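Printed here is work27.txt (compact mmCIF, C-alpha atoms and all ligand atoms):
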```txt
# COMPACT_ATOMS: atom_id res chain seq x y z
CA MET E 4 190.89 -25.71 -20.12
CA PHE E 5 187.57 -26.13 -21.89
CA GLY E 6 186.82 -29.68 -20.79
CA SER E 7 183.25 -30.67 -20.00
CA LEU E 8 181.90 -31.27 -16.51
CA ARG E 9 179.43 -34.13 -16.20
CA ILE E 10 176.55 -33.09 -13.98
CA GLY E 11 174.21 -36.04 -14.35
CA ARG E 12 173.07 -39.06 -16.28
CA PRO E 13 169.29 -38.74 -16.85
CA PHE E 14 167.78 -41.75 -18.64
CA GLY E 15 171.29 -43.15 -19.02
CA ILE E 16 172.46 -40.17 -21.12
CA ASP E 17 175.49 -38.18 -19.98
CA LEU E 18 174.60 -34.55 -19.34
CA SER E 19 177.56 -32.17 -19.17
CA LEU E 20 178.39 -28.50 -19.03
CA HIS E 21 180.97 -27.38 -21.55
CA GLY E 22 184.00 -25.63 -20.03
CA THR E 23 182.89 -22.33 -21.57
CA PHE E 24 179.36 -22.60 -20.13
CA TRP E 25 180.19 -20.60 -16.99
CA LEU E 26 181.10 -17.55 -19.07
CA LEU E 27 177.38 -16.89 -19.60
CA PRO E 28 176.11 -16.86 -15.96
CA ALA E 29 179.27 -14.95 -14.98
CA PHE E 30 178.60 -12.36 -17.70
CA VAL E 31 174.90 -12.13 -16.73
CA PHE E 32 175.77 -11.75 -13.03
CA LEU E 33 178.29 -8.97 -13.65
CA THR E 34 176.20 -6.94 -16.09
CA ALA E 35 173.07 -7.21 -13.89
CA TYR E 36 175.11 -6.33 -10.78
CA MET E 37 176.47 -3.19 -12.41
CA ALA E 38 173.04 -2.15 -13.65
CA GLY E 39 170.81 -3.05 -10.67
CA GLY E 40 172.92 -4.27 -7.78
CA LEU E 41 172.84 -7.62 -6.01
CA PRO E 42 169.07 -8.36 -6.23
CA ALA E 43 169.14 -7.93 -10.02
CA ALA E 44 172.32 -10.02 -10.29
CA VAL E 45 170.86 -12.89 -8.23
CA MET E 46 167.54 -12.77 -10.11
CA ASN E 47 169.07 -12.70 -13.59
CA THR E 48 171.62 -15.40 -12.83
CA GLY E 49 168.91 -17.59 -11.26
CA VAL E 50 166.72 -17.15 -14.33
CA ILE E 51 169.55 -17.94 -16.77
CA LEU E 52 170.49 -21.12 -14.86
CA ALA E 53 166.81 -22.20 -14.77
CA VAL E 54 166.52 -21.47 -18.51
CA PHE E 55 169.47 -23.76 -19.15
CA GLY E 56 167.74 -26.40 -17.04
CA CYS E 57 164.86 -26.08 -19.51
CA VAL E 58 167.33 -26.27 -22.43
CA ALA E 59 168.63 -29.55 -20.95
CA LEU E 60 165.03 -30.87 -20.78
CA HIS E 61 164.53 -29.72 -24.40
CA GLU E 62 167.59 -31.75 -25.48
CA LEU E 63 166.35 -34.70 -23.44
CA GLY E 64 163.09 -34.43 -25.40
CA HIS E 65 165.04 -34.89 -28.66
CA ALA E 66 167.05 -37.77 -27.18
CA LEU E 67 164.03 -39.68 -25.87
CA ALA E 68 162.09 -39.20 -29.13
CA ALA E 69 165.12 -40.56 -31.02
CA ARG E 70 165.19 -43.52 -28.64
CA LEU E 71 161.66 -44.42 -29.86
CA TYR E 72 163.30 -45.15 -33.22
CA GLY E 73 166.20 -47.09 -31.74
CA ILE E 74 168.67 -44.19 -32.06
CA ARG E 75 170.98 -43.70 -29.11
CA THR E 76 172.30 -40.38 -27.84
CA ARG E 77 176.01 -40.11 -27.06
CA ASP E 78 175.58 -37.22 -24.68
CA ILE E 79 173.96 -33.86 -24.09
CA VAL E 80 176.29 -30.86 -23.73
CA LEU E 81 175.24 -27.39 -22.64
CA TYR E 82 177.16 -24.52 -24.24
CA PRO E 83 176.72 -20.79 -23.50
CA ILE E 84 174.73 -20.46 -26.74
CA GLY E 85 172.50 -23.51 -26.18
CA GLY E 86 172.42 -27.26 -25.81
CA VAL E 87 173.35 -30.05 -28.18
CA ALA E 88 172.04 -33.61 -27.99
CA ARG E 89 174.57 -35.66 -29.93
CA LEU E 90 172.47 -38.38 -31.52
CA GLU E 91 174.33 -41.29 -33.10
CA ARG E 92 172.49 -40.46 -36.30
CA MET E 93 169.41 -38.58 -37.43
CA PRO E 94 166.40 -40.62 -38.49
CA GLU E 95 166.07 -40.47 -42.27
CA ARG E 96 162.34 -41.03 -42.59
CA PRO E 97 160.86 -37.54 -42.83
CA ILE E 98 158.11 -38.22 -40.31
CA GLN E 99 160.62 -39.56 -37.78
CA GLU E 100 162.90 -36.58 -38.27
CA ILE E 101 159.92 -34.27 -37.71
CA VAL E 102 158.96 -36.10 -34.49
CA VAL E 103 162.53 -35.96 -33.15
CA ALA E 104 162.94 -32.28 -34.14
CA LEU E 105 159.62 -31.20 -32.60
CA ALA E 106 160.06 -33.20 -29.37
CA GLY E 107 162.50 -30.56 -28.07
CA PRO E 108 160.28 -27.47 -28.51
CA ALA E 109 157.29 -29.55 -27.32
CA VAL E 110 159.03 -29.90 -23.93
CA ASN E 111 159.27 -26.08 -23.67
CA VAL E 112 155.60 -25.71 -24.65
CA VAL E 113 154.70 -28.04 -21.76
CA ILE E 114 156.99 -26.15 -19.33
CA ALA E 115 155.56 -22.75 -20.43
CA LEU E 116 151.99 -23.99 -20.02
CA GLY E 117 152.86 -25.47 -16.60
CA LEU E 118 154.41 -22.18 -15.43
CA ALA E 119 151.42 -20.22 -16.78
CA ALA E 120 149.12 -22.53 -14.82
CA VAL E 121 151.16 -22.00 -11.62
CA LEU E 122 151.09 -18.21 -12.11
CA LEU E 123 147.36 -18.23 -12.74
CA ALA E 124 146.57 -20.61 -9.86
CA ASP E 125 148.56 -18.49 -7.41
CA GLY E 126 147.03 -15.27 -8.70
CA LEU E 127 150.47 -13.97 -9.62
CA ALA E 128 150.76 -11.30 -12.27
CA LEU E 129 152.84 -11.78 -15.36
CA ASP E 130 155.81 -9.76 -14.21
CA ILE E 131 158.82 -9.85 -16.46
CA TRP E 132 160.11 -6.40 -15.56
CA PRO E 133 162.37 -6.08 -12.54
CA SER E 134 159.96 -4.65 -9.99
CA TYR E 135 161.16 -7.19 -7.38
CA GLN E 136 157.97 -6.66 -5.44
CA ASN E 137 157.33 -10.34 -5.78
CA PRO E 138 160.55 -12.11 -6.78
CA VAL E 139 158.71 -15.43 -7.19
CA SER E 140 156.33 -14.08 -9.80
CA THR E 141 159.18 -12.25 -11.56
CA PHE E 142 161.24 -15.46 -11.65
CA LEU E 143 158.38 -17.66 -12.86
CA SER E 144 157.18 -15.09 -15.41
CA ARG E 145 160.60 -14.67 -16.91
CA LEU E 146 161.17 -18.41 -17.03
CA MET E 147 157.82 -18.82 -18.79
CA MET E 148 158.63 -16.11 -21.35
CA ALA E 149 162.06 -17.65 -21.90
CA ASN E 150 160.42 -20.99 -22.68
CA VAL E 151 158.05 -19.30 -25.15
CA GLY E 152 161.14 -17.66 -26.66
CA LEU E 153 162.93 -21.04 -26.88
CA VAL E 154 159.97 -22.52 -28.75
CA LEU E 155 159.73 -19.63 -31.24
CA PHE E 156 163.48 -19.34 -31.75
CA ASN E 157 164.03 -23.06 -32.29
CA LEU E 158 161.22 -23.19 -34.84
CA ILE E 159 162.88 -20.60 -37.10
CA PRO E 160 163.59 -22.67 -40.24
CA ALA E 161 167.34 -22.15 -39.97
CA PHE E 162 168.99 -25.54 -40.47
CA PRO E 163 170.39 -27.20 -38.34
CA MET E 164 168.03 -25.73 -35.76
CA ASP E 165 164.83 -27.69 -35.08
CA GLY E 166 162.69 -25.66 -37.49
CA GLY E 167 165.30 -26.21 -40.21
CA ARG E 168 165.18 -29.98 -39.60
CA VAL E 169 161.40 -29.93 -39.98
CA LEU E 170 161.89 -27.97 -43.21
CA ARG E 171 164.46 -30.50 -44.49
CA ALA E 172 162.10 -33.38 -43.68
CA VAL E 173 159.15 -31.69 -45.44
CA VAL E 174 161.25 -30.87 -48.54
CA SER E 175 162.57 -34.46 -48.64
CA TRP E 176 159.00 -35.66 -49.19
CA PHE E 177 159.23 -34.07 -52.64
CA THR E 178 162.83 -34.71 -53.55
CA ASP E 179 165.85 -36.70 -52.40
CA ARG E 180 167.53 -36.13 -49.06
CA VAL E 181 170.67 -34.50 -50.46
CA THR E 182 168.67 -31.88 -52.38
CA ALA E 183 166.39 -31.35 -49.36
CA THR E 184 169.44 -30.84 -47.14
CA ARG E 185 170.93 -28.41 -49.65
CA VAL E 186 167.69 -26.38 -49.71
CA ALA E 187 167.49 -26.34 -45.89
CA VAL E 188 171.19 -25.46 -45.51
CA THR E 189 170.88 -22.64 -48.06
CA ILE E 190 167.92 -21.15 -46.17
CA GLY E 191 169.78 -21.74 -42.88
CA THR E 192 172.83 -19.92 -44.27
CA GLY E 193 170.56 -16.98 -45.17
CA PHE E 194 169.33 -16.85 -41.56
CA ALA E 195 172.90 -17.21 -40.25
CA ILE E 196 173.94 -14.18 -42.34
CA LEU E 197 170.92 -12.20 -41.05
CA PHE E 198 171.70 -13.20 -37.43
CA GLY E 199 175.35 -12.28 -37.99
CA ILE E 200 174.54 -8.84 -39.44
CA TYR E 201 171.93 -8.14 -36.75
CA GLY E 202 174.36 -9.30 -34.04
CA LEU E 203 177.06 -7.03 -35.45
CA VAL E 204 174.78 -3.98 -35.74
CA SER E 205 173.18 -4.43 -32.32
CA GLY E 206 176.43 -5.49 -30.64
CA GLN E 207 175.01 -8.88 -29.59
CA PHE E 208 178.10 -11.02 -29.49
CA MET E 209 176.17 -14.23 -28.71
CA LEU E 210 174.07 -13.87 -31.85
CA MET E 211 177.22 -13.52 -33.93
CA ILE E 212 178.66 -16.70 -32.43
CA LEU E 213 175.35 -18.48 -33.01
CA ALA E 214 175.36 -17.33 -36.65
CA PHE E 215 178.85 -18.74 -37.11
CA VAL E 216 177.95 -22.06 -35.43
CA LEU E 217 174.76 -22.41 -37.52
CA TYR E 218 176.70 -21.75 -40.70
CA THR E 219 179.48 -24.22 -39.85
CA MET E 220 177.18 -26.98 -38.60
CA GLY E 221 174.92 -26.60 -41.63
CA ARG E 222 177.84 -27.01 -44.03
CA GLN E 223 179.16 -30.00 -42.06
CA GLU E 224 175.81 -31.76 -42.05
CA TYR E 225 175.35 -31.15 -45.76
CA GLU E 226 178.78 -32.64 -46.47
CA SER E 227 178.04 -35.70 -44.34
CA VAL E 228 174.62 -36.28 -45.96
CA ARG E 229 176.23 -35.99 -49.38
CA TYR E 230 179.02 -38.34 -48.39
CA MET E 231 176.56 -40.95 -47.05
CA ASP E 232 174.49 -40.66 -50.22
CA ALA E 233 177.52 -41.14 -52.49
CA HIS E 234 178.63 -44.09 -50.36
CA ARG E 235 175.22 -45.74 -50.71
CA ARG E 236 175.09 -45.12 -54.43
CA ARG E 237 178.53 -46.67 -54.82
CA GLN E 238 177.35 -49.68 -52.88
CA ARG E 239 174.20 -49.95 -55.01
CA VAL E 240 176.18 -49.70 -58.24
CA TRP E 241 178.47 -52.41 -56.92
CA ASP E 242 175.60 -54.66 -55.86
CA GLU E 243 173.43 -54.21 -58.94
CA SER E 244 175.97 -53.85 -61.68
CA ASP E 245 175.62 -56.28 -64.56
CA ILE E 246 179.21 -55.60 -65.52
CA PRO E 247 181.10 -58.08 -63.36
CA THR E 248 184.36 -56.20 -63.69
CA ALA E 249 182.83 -52.80 -63.00
CA ARG E 250 184.11 -50.71 -60.18
CA PRO E 251 182.20 -47.66 -58.98
CA TYR E 252 184.27 -44.53 -58.53
CA ASP E 253 183.67 -40.96 -57.55
CA ARG E 254 185.07 -38.48 -60.00
CA PRO E 255 186.84 -35.84 -57.93
CA ASP E 256 185.85 -33.13 -60.41
CA ARG E 257 182.17 -34.13 -60.21
CA PRO E 258 181.65 -35.20 -56.59
CA GLN E 259 177.87 -35.50 -56.90
CA GLU E 260 178.12 -38.19 -59.55
CA VAL E 261 179.13 -41.81 -59.49
CA TRP E 262 180.86 -43.26 -62.51
CA VAL E 263 181.38 -46.89 -63.33
CA TYR E 264 184.60 -48.14 -64.87
CA ASP E 265 184.38 -51.23 -67.03
CA ALA E 266 187.79 -52.86 -66.82
CA ARG E 267 187.07 -55.13 -69.82
CA THR E 268 186.50 -52.31 -72.27
CA GLY E 269 188.30 -49.57 -70.39
CA VAL E 270 185.23 -47.33 -70.75
CA TRP E 271 183.71 -45.08 -68.10
CA HIS E 272 179.91 -45.12 -67.78
CA PRO E 273 177.92 -42.61 -65.81
CA ALA E 274 176.03 -44.58 -63.20
CA PRO E 275 172.22 -44.39 -63.25
CA THR E 276 170.98 -41.08 -61.88
CA ARG E 277 170.54 -40.55 -58.21
CA ARG E 278 166.78 -40.48 -58.57
CA ASN E 279 166.83 -44.04 -59.84
CA LEU E 280 169.44 -45.25 -57.47
CA PHE E 281 168.56 -43.50 -54.29
CA SER E 282 164.97 -42.58 -53.76
CA PRO E 283 164.11 -40.99 -50.44
CA ILE E 284 163.22 -43.64 -47.93
ZN ZN X 1 166.11 -28.56 -30.27
```
The structure given in the file should be rewritten as structure tokens.
Ligand SMILES: [Zn+2]
Amino acid sequence: MFGSLRIGRPFGIDLSLHGTFWLLPAFVFLTAYMAGGLPAAVMNTGVILAVFGCVALHELGHALAARLYGIRTRDIVLYPIGGVARLERMPERPIQEIVVALAGPAVNVVIALGLAAVLLADGLALDIWPSYQNPVSTFLSRLMMANVGLVLFNLIPAFPMDGGRVLRAVVSWFTDRVTATRVAVTIGTGFAILFGIYGLVSGQFMLMILAFVLYTMGRQEYESVRYMDAHRRRQRVWDESDIPTARPYDRPDRPQEVWVYDARTGVWHPAPTRRNLFSPI
């Protein structure tokens, strides 16, 4: 029922609409139709579809920046609450993560500036309210404002949104990646709670869904970063151990730590601390 529909393959990356995507334009069409009739419904639906075209370009910005670092993108999927470029992995060098995270909003900055230039060149007024005297200027103005909104919204430091990724990368300059991710996820969770409460109070259902998705994705990414880190530390303990019979283990009760078991003496040793074993790359 909720399968994805592939609509293109720009730069060799599958671009699809999630099965739930159509709920949004349908909802926008109906609410605008009831409030302002057919012209409002056509205008609002046209704007929302064009905005999602810009969201697709935003995701393509992330994907192409990642490609610079040899990271492939599985696909780009558009959901009613936004787009997701599924990169095979995130770059771990902070500067690379910042470039990949900012490439998306940078696309919307370029689009907004381009639309502003068109509006100025044609002498069209910035016209975001539904006067419908000049539908072209209304359409272009709204699309421009939506792109400005996409830039500002994505730069909120709510991990795993783009601003949160920049935050994680900046924090990881000063500490290890797991701690940096934990800091970014904690701040992101704070924003998710604020979005959720605001969505509940103002009756904005989309914002509540977004809050839930941010919270869930943040936790998932934190778990995967922690898992990767523990895996690497195990490998390092294995590779560098001077105890030939040692085997690195995770202690289930202390998942952040790696312990080494010396089979000769039957003694557990705490492995060297993470700071020694795994410095941020
Ligand atoms: Zn983005």
Inset, instruction - Could the residues that lie within 7 Å of ligand ZN 1 (chain X), counting all atoms listed in the file, be listed as a list in words? - result: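 Residues satisfying the distance criterion: His61, Glu62, His65, Ala104, Gly107, Pro108, Asn157, Met164 and Asp165 of chain E.
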Legend entry - Residues within 12 Å of Val54 in chain E, all atoms listed in the file, excluding chain neighbours under 4 positions, as a VMD selection string: chain E and resid 27 to 28 47 to 50 58 to 61 81 83 to 86 111 114 to 115 142 to 153
Legend entry - Nearest to Val186 in chain E, chosen from E:Gly221, E:Gly6, E:Gly22, E:Gly11, with all atoms listed in the file counted in the distances: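 Smallest separation from Val186 in chain E among the options: E:Gly221.
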Legend entry - Proximity to Leu18 in chain E - best of E:Cys57, E:Val110, E:Ile74, E:Ile79, all atoms listed in the file: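 Using all atoms listed in the file, Leu18 in chain E sits closest to E:Ile79.
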Legend entry - Two-atom distance - CA of Ile190 in chain E, CA of Gly167 in chain E (Å):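 Interatomic distance here is 8.2 Å.
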Inset, instruction - Have a look at E:Phe14, E:Val45, E:Arg236, E:Tyr218 and name the one nearest to Pro138 in chain E; count all atoms listed in the file. - result: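 Answer, going by the shortest atom-to-atom distance: E:Val45.
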Inset, instruction - Using only C-alpha atoms, pick whichever of E:Leu116, E:Val216, E:Val228, E:Leu41 has the shortest atom-to-atom distance to Val154 in chain E. - result: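 The shortest atom-to-atom distance to Val154 in chain E comes from E:Leu116.
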Legend entry - Nearest candidate to Thr182 in chain E (options E:Arg12, E:Leu213, E:Tyr225, E:Glu100; using all atoms listed in the file): E:Tyr225
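Closest approach to Ala214 in chain E among E:Ile196, E:Ala29, E:Ala44, E:Leu105: E:Ile196, based on all atoms listed in the file.
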Legend entry - Computed interatomic separation between CA of Tyr36 in chain E and CA of Gly202 in chain E (Å):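 Interatomic distance, CA of Tyr36 in chain E to CA of Gly202 in chain E: 23.5 Å.
The space between CA of Ser175 in chain E and CA of Val80 in chain E spans 28.7 Å.
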Val174 in chain E: which residues within 9 Å, counting all atoms listed in the file, same-chain residues fewer than 3 positions away excluded, as a short mmCIF file (atom, residue, chain, number, x, y, z; two decimals) with C-alpha atoms, keeping the file's coordinate frame?
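The resulting file, selection37.cif, is reproduced below:
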```cif
data_model
loop_
_atom_site.label_atom_id
_atom_site.label_comp_id
_atom_site.auth_asym_id
_atom_site.auth_seq_id
_atom_site.Cartn_x
_atom_site.Cartn_y
_atom_site.Cartn_z
CA PRO E 97 160.86 -37.54 -42.83
CA VAL E 169 161.40 -29.93 -39.98
CA LEU E 170 161.89 -27.97 -43.21
CA ARG E 171 164.46 -30.50 -44.49
CA PHE E 177 159.23 -34.07 -52.64
CA THR E 178 162.83 -34.71 -53.55
CA ASP E 179 165.85 -36.70 -52.40
CA ARG E 180 167.53 -36.13 -49.06
CA THR E 182 168.67 -31.88 -52.38
CA ALA E 183 166.39 -31.35 -49.36
CA THR E 184 169.44 -30.84 -47.14
CA VAL E 186 167.69 -26.38 -49.71
CA ALA E 187 167.49 -26.34 -45.89
#
```
